[in-house]
Amino acid sequence: MTKIDAFAHILPPAYTKRLESITSGAGVSERILGYRPWIREDPALTDLDARWRTMDPFGDYRQVLTLAVPPLEELGGPAAATDLARAANDEAAELVGRYPDRFAGFAAALPMNDVDAAAGELDRAMSQLGALGAQLHTNVRGVPLDEPRFDAVFDAVTRHDGVLWVHPTRSPVWADYLAEERSKYGIWWSLGWPYETSVCMARLVYSGCFDRYPGLRVITHHAGAMVPHFSGRLASPLEDPDRAEIMAGLAADPMTYFRRFYADTAMFGASHAVRCAVEFFGTDHVLFGTDMPLGGPTVVADTIADIEALGLPGADADAIFASNARRVLRIPS
């Protein structure tokens, strides 16, 4: 069965050299120091030959490329982030053009610390480079995506009929408790990232983003994070002193908007979690996505096994593995 991996990560070779230089320089932010070991965590992230070896066992299998963390706005000021975005997008587009049998497309990286530059880069990436949309992170240096300052990016992606990928971001300096200065036991990643994604989704829903942008398509990493599992709590009365005003400002029930998100299947061998996402979002809103290669050397095989364990009818399995990606991302057959 054809497979399109809608959420696969890469660090293109030239961009990787710049990233390593930035993250090893003096004065680098503590917010991104924890990401430096990830650059060389798996050779497939930066080396194409290693990537081919990982991909080859899976037959008719292509990837949609998304730039691996950290967010560009964490790497420098607006001018530096804009330059990095252009370079990364040029390199990703070149890879997709050179290896169409391996790569089905890419999501543009944006310098979100300069919203006008980000919208302009998204225009360029989609109109000139063939980007399928853009990857955003769940916050921009601590600022939520539903802030009106980011409207230009939502305007641009919907104007081009593109897609937004939402990737969580949080680091060890985000403490688990107010009384502490750092997160312990890797909780900033294992539980903090799903929390980040879920909060981002809720903020987009309750702020009316889907009413303002009715054509908006958003792919959430890691199977929609906590939302499918806690949908009952989200469906209960909104615990906010401005509840009446918030609800009056929405054209539909909040759960309708939550189900408008798309989710990938990157759950690292937890088929019960993938099943929950499929049951909540529906087979038409779940896309095969692995987090490759950051989920470990067996992440592609594990993700395929998770989907196959659901015992779905052939048409539904094909939808998740490939046809949803073609439809949602506008990838030609």
# chains A, B, ... in the order shown; residues from 1 in each chain; ligands from 1
call {"tool": "select_by_dssp", "arguments": {"residues": "segment 79-207 of chain A", "states": "alpha helix (DSSP H)", "output": "MDAnalysis selection string"}}
result
chainID A and resid 79:98 115:128 151:159 187:190 192:206
call {"tool": "select_by_dssp", "arguments": {"residues": "segment 237-286 of chain A", "states": "strand (DSSP E or B)", "output": "list in words"}}
result
Tyr262, Ala263, Asp264 and Val286 of chain A
call {"tool": "write_last_selection", "arguments": {"atoms": "all heavy atoms", "output": "PDB file, in the first residue's frame"}}
result
ATOM      1  N   TYR A 262      -6.729  18.254  11.806  1.00  0.00           N
ATOM      2  CA  TYR A 262      -6.216  16.983  11.316  1.00  0.00           C
ATOM      3  C   TYR A 262      -5.141  16.506  12.295  1.00  0.00           C
ATOM      4  O   TYR A 262      -4.501  17.316  12.972  1.00  0.00           O
ATOM      5  CB  TYR A 262      -5.631  17.128   9.911  1.00  0.00           C
ATOM      6  CG  TYR A 262      -6.672  17.480   8.874  1.00  0.00           C
ATOM      7  CD1 TYR A 262      -7.020  18.816   8.639  1.00  0.00           C
ATOM      8  CD2 TYR A 262      -7.336  16.497   8.146  1.00  0.00           C
ATOM      9  CE1 TYR A 262      -7.983  19.152   7.707  1.00  0.00           C
ATOM     10  CE2 TYR A 262      -8.302  16.830   7.210  1.00  0.00           C
ATOM     11  CZ  TYR A 262      -8.623  18.161   6.997  1.00  0.00           C
ATOM     12  OH  TYR A 262      -9.584  18.497   6.081  1.00  0.00           O
ATOM     13  N   ALA A 263      -4.955  15.211  12.370  1.00  0.00           N
ATOM     14  CA  ALA A 263      -3.975  14.656  13.294  1.00  0.00           C
ATOM     15  C   ALA A 263      -3.092  13.656  12.569  1.00  0.00           C
ATOM     16  O   ALA A 263      -3.554  12.963  11.649  1.00  0.00           O
ATOM     17  CB  ALA A 263      -4.683  13.963  14.466  1.00  0.00           C
ATOM     18  N   ASP A 264      -1.840  13.587  12.963  1.00  0.00           N
ATOM     19  CA  ASP A 264      -0.976  12.543  12.417  1.00  0.00           C
ATOM     20  C   ASP A 264      -1.032  11.312  13.332  1.00  0.00           C
ATOM     21  O   ASP A 264      -1.823  11.259  14.273  1.00  0.00           O
ATOM     22  CB  ASP A 264       0.448  13.061  12.189  1.00  0.00           C
ATOM     23  CG  ASP A 264       1.238  13.275  13.482  1.00  0.00           C
ATOM     24  OD1 ASP A 264       0.746  12.900  14.567  1.00  0.00           O
ATOM     25  OD2 ASP A 264       2.354  13.825  13.401  1.00  0.00           O
ATOM     26  N   VAL A 286      -7.253  11.924   9.727  1.00  0.00           N
ATOM     27  CA  VAL A 286      -6.018  11.372  10.281  1.00  0.00           C
ATOM     28  C   VAL A 286      -5.071  11.058   9.137  1.00  0.00           C
ATOM     29  O   VAL A 286      -5.461  10.404   8.169  1.00  0.00           O
ATOM     30  CB  VAL A 286      -6.291  10.107  11.122  1.00  0.00           C
ATOM     31  CG1 VAL A 286      -4.978   9.497  11.611  1.00  0.00           C
ATOM     32  CG2 VAL A 286      -7.197  10.443  12.303  1.00  0.00           C
TER      33      VAL A 286
END
call {"tool": "residues_around", "arguments": {"residues": "Tyr213 of chain A", "least_positions_apart": "4", "cutoff": "9 Å", "atoms": "only C-alpha atoms", "output": "list in words"}}
result
Phe154, Asp155, Thr158, Gly208 and Cys209 of chain A
call {"tool": "write_last_selection", "arguments": {"atoms": "all heavy atoms", "output": "PDB file, in the first residue's frame"}}
result
ATOM      1  N   PHE A 154      -1.903  33.585   8.941  1.00  0.00           N
ATOM      2  CA  PHE A 154      -3.132  32.849   8.649  1.00  0.00           C
ATOM      3  C   PHE A 154      -3.765  33.362   7.354  1.00  0.00           C
ATOM      4  O   PHE A 154      -4.302  32.576   6.563  1.00  0.00           O
ATOM      5  CB  PHE A 154      -4.112  32.978   9.818  1.00  0.00           C
ATOM      6  CG  PHE A 154      -3.708  32.201  11.043  1.00  0.00           C
ATOM      7  CD1 PHE A 154      -2.947  32.790  12.042  1.00  0.00           C
ATOM      8  CD2 PHE A 154      -4.067  30.870  11.182  1.00  0.00           C
ATOM      9  CE1 PHE A 154      -2.562  32.069  13.162  1.00  0.00           C
ATOM     10  CE2 PHE A 154      -3.687  30.135  12.296  1.00  0.00           C
ATOM     11  CZ  PHE A 154      -2.928  30.738  13.287  1.00  0.00           C
ATOM     12  N   ASP A 155      -3.710  34.668   7.137  1.00  0.00           N
ATOM     13  CA  ASP A 155      -4.210  35.228   5.877  1.00  0.00           C
ATOM     14  C   ASP A 155      -3.460  34.626   4.689  1.00  0.00           C
ATOM     15  O   ASP A 155      -4.067  34.226   3.687  1.00  0.00           O
ATOM     16  CB  ASP A 155      -4.028  36.753   5.858  1.00  0.00           C
ATOM     17  CG  ASP A 155      -4.989  37.480   6.784  1.00  0.00           C
ATOM     18  OD1 ASP A 155      -6.066  36.941   7.081  1.00  0.00           O
ATOM     19  OD2 ASP A 155      -4.647  38.603   7.206  1.00  0.00           O
ATOM     20  N   THR A 158      -4.173  30.711   4.040  1.00  0.00           N
ATOM     21  CA  THR A 158      -5.503  30.433   3.492  1.00  0.00           C
ATOM     22  C   THR A 158      -5.645  31.037   2.098  1.00  0.00           C
ATOM     23  O   THR A 158      -6.334  30.460   1.236  1.00  0.00           O
ATOM     24  CB  THR A 158      -6.605  30.964   4.426  1.00  0.00           C
ATOM     25  OG1 THR A 158      -6.355  32.333   4.755  1.00  0.00           O
ATOM     26  CG2 THR A 158      -6.650  30.162   5.716  1.00  0.00           C
ATOM     27  N   GLY A 208     -11.975  31.837  18.055  1.00  0.00           N
ATOM     28  CA  GLY A 208     -12.745  32.024  16.835  1.00  0.00           C
ATOM     29  C   GLY A 208     -11.936  31.958  15.561  1.00  0.00           C
ATOM     30  O   GLY A 208     -12.389  32.400  14.500  1.00  0.00           O
ATOM     31  N   CYS A 209     -10.737  31.369  15.622  1.00  0.00           N
ATOM     32  CA  CYS A 209      -9.854  31.343  14.449  1.00  0.00           C
ATOM     33  C   CYS A 209     -10.511  30.638  13.260  1.00  0.00           C
ATOM     34  O   CYS A 209     -10.397  31.085  12.121  1.00  0.00           O
ATOM     35  CB  CYS A 209      -8.540  30.656  14.819  1.00  0.00           C
ATOM     36  SG  CYS A 209      -7.287  30.720  13.533  1.00  0.00           S
TER      37      CYS A 209
END
call {"tool": "residues_around", "arguments": {"residues": "Ser21 of chain A", "least_positions_apart": "5", "cutoff": "12 Å", "atoms": "only C-alpha atoms", "output": "ChimeraX atom specification"}}
result
/A:14-16,26,28,36,39,75
call {"tool": "atom_distance", "arguments": {"atom1": "atom CA of Met1 of chain A", "atom2": "atom CA of Phe58 of chain A"}}
result
9.5 Å
call {"tool": "residues_around", "arguments": {"residues": "Ala225 of chain A", "least_positions_apart": "3", "cutoff": "9 Å", "atoms": "only C-alpha atoms", "output": "ChimeraX atom specification"}}
result
/A:193-198,220-222,228-229,263,277
call {"tool": "closest_residue", "arguments": {"among": "A:Phe106, A:Gly130, A:Ser323, A:Arg18", "to": "Asp83 of chain A", "atoms": "only C-alpha atoms"}}
result
A:Arg18
call {"tool": "residues_around", "arguments": {"residues": "Leu204 of chain A", "least_positions_apart": "6", "cutoff": "12 Å", "atoms": "only C-alpha atoms", "output": "count of residues only"}}
result
26
call {"tool": "residues_around", "arguments": {"residues": "segment 84-98 of chain A", "least_positions_apart": "6", "cutoff": "6 Å", "atoms": "only C-alpha atoms", "output": "PyMOL selection string"}}
result
chain A and resi 15+105+108-110+129
call {"tool": "write_last_selection", "arguments": {"atoms": "N, CA, C and O atoms", "output": "PDB file, in the first residue's frame"}}
result
ATOM      1  N   TYR A  15      21.879  23.875   5.973  1.00  0.00           N
ATOM      2  CA  TYR A  15      21.213  24.462   7.142  1.00  0.00           C
ATOM      3  C   TYR A  15      21.782  23.865   8.425  1.00  0.00           C
ATOM      4  O   TYR A  15      21.973  24.581   9.421  1.00  0.00           O
ATOM      5  N   GLY A 105       6.714  16.594  -0.869  1.00  0.00           N
ATOM      6  CA  GLY A 105       6.570  18.031  -0.693  1.00  0.00           C
ATOM      7  C   GLY A 105       7.217  18.464   0.611  1.00  0.00           C
ATOM      8  O   GLY A 105       7.841  17.668   1.310  1.00  0.00           O
ATOM      9  N   ALA A 108       6.942  24.955   4.635  1.00  0.00           N
ATOM     10  CA  ALA A 108       7.896  26.050   4.778  1.00  0.00           C
ATOM     11  C   ALA A 108       8.174  26.352   6.246  1.00  0.00           C
ATOM     12  O   ALA A 108       7.295  26.222   7.107  1.00  0.00           O
ATOM     13  N   ALA A 109       9.396  26.751   6.517  1.00  0.00           N
ATOM     14  CA  ALA A 109       9.778  27.268   7.833  1.00  0.00           C
ATOM     15  C   ALA A 109       9.645  28.784   7.799  1.00  0.00           C
ATOM     16  O   ALA A 109       9.971  29.418   6.786  1.00  0.00           O
ATOM     17  N   LEU A 110       9.163  29.380   8.891  1.00  0.00           N
ATOM     18  CA  LEU A 110       8.889  30.813   8.904  1.00  0.00           C
ATOM     19  C   LEU A 110       9.583  31.508  10.070  1.00  0.00           C
ATOM     20  O   LEU A 110       9.688  30.938  11.158  1.00  0.00           O
ATOM     21  N   LEU A 129       8.401  28.239  -4.691  1.00  0.00           N
ATOM     22  CA  LEU A 129       9.140  27.016  -4.356  1.00  0.00           C
ATOM     23  C   LEU A 129       8.254  25.769  -4.316  1.00  0.00           C
ATOM     24  O   LEU A 129       8.775  24.658  -4.231  1.00  0.00           O
TER      25      LEU A 129
END
call {"tool": "closest_residue", "arguments": {"among": "A:Arg330, A:Thr2, A:Ala252, A:Thr169", "to": "Pro214 of chain A", "atoms": "only C-alpha atoms"}}
result
A:Ala252
call {"tool": "atom_distance", "arguments": {"atom1": "atom CA of Thr66 of chain A", "atom2": "atom CA of Phe103 of chain A"}}
result
10.9 Å
call {"tool": "closest_residue", "arguments": {"among": "A:Glu20, A:Asp291, A:Glu180, A:Asp49", "to": "Pro37 of chain A", "atoms": "only C-alpha atoms"}}
result
A:Glu20
call {"tool": "atom_distance", "arguments": {"atom1": "atom CA of Leu164 of chain A", "atom2": "atom CA of Leu136 of chain A"}}
result
6.8 Å
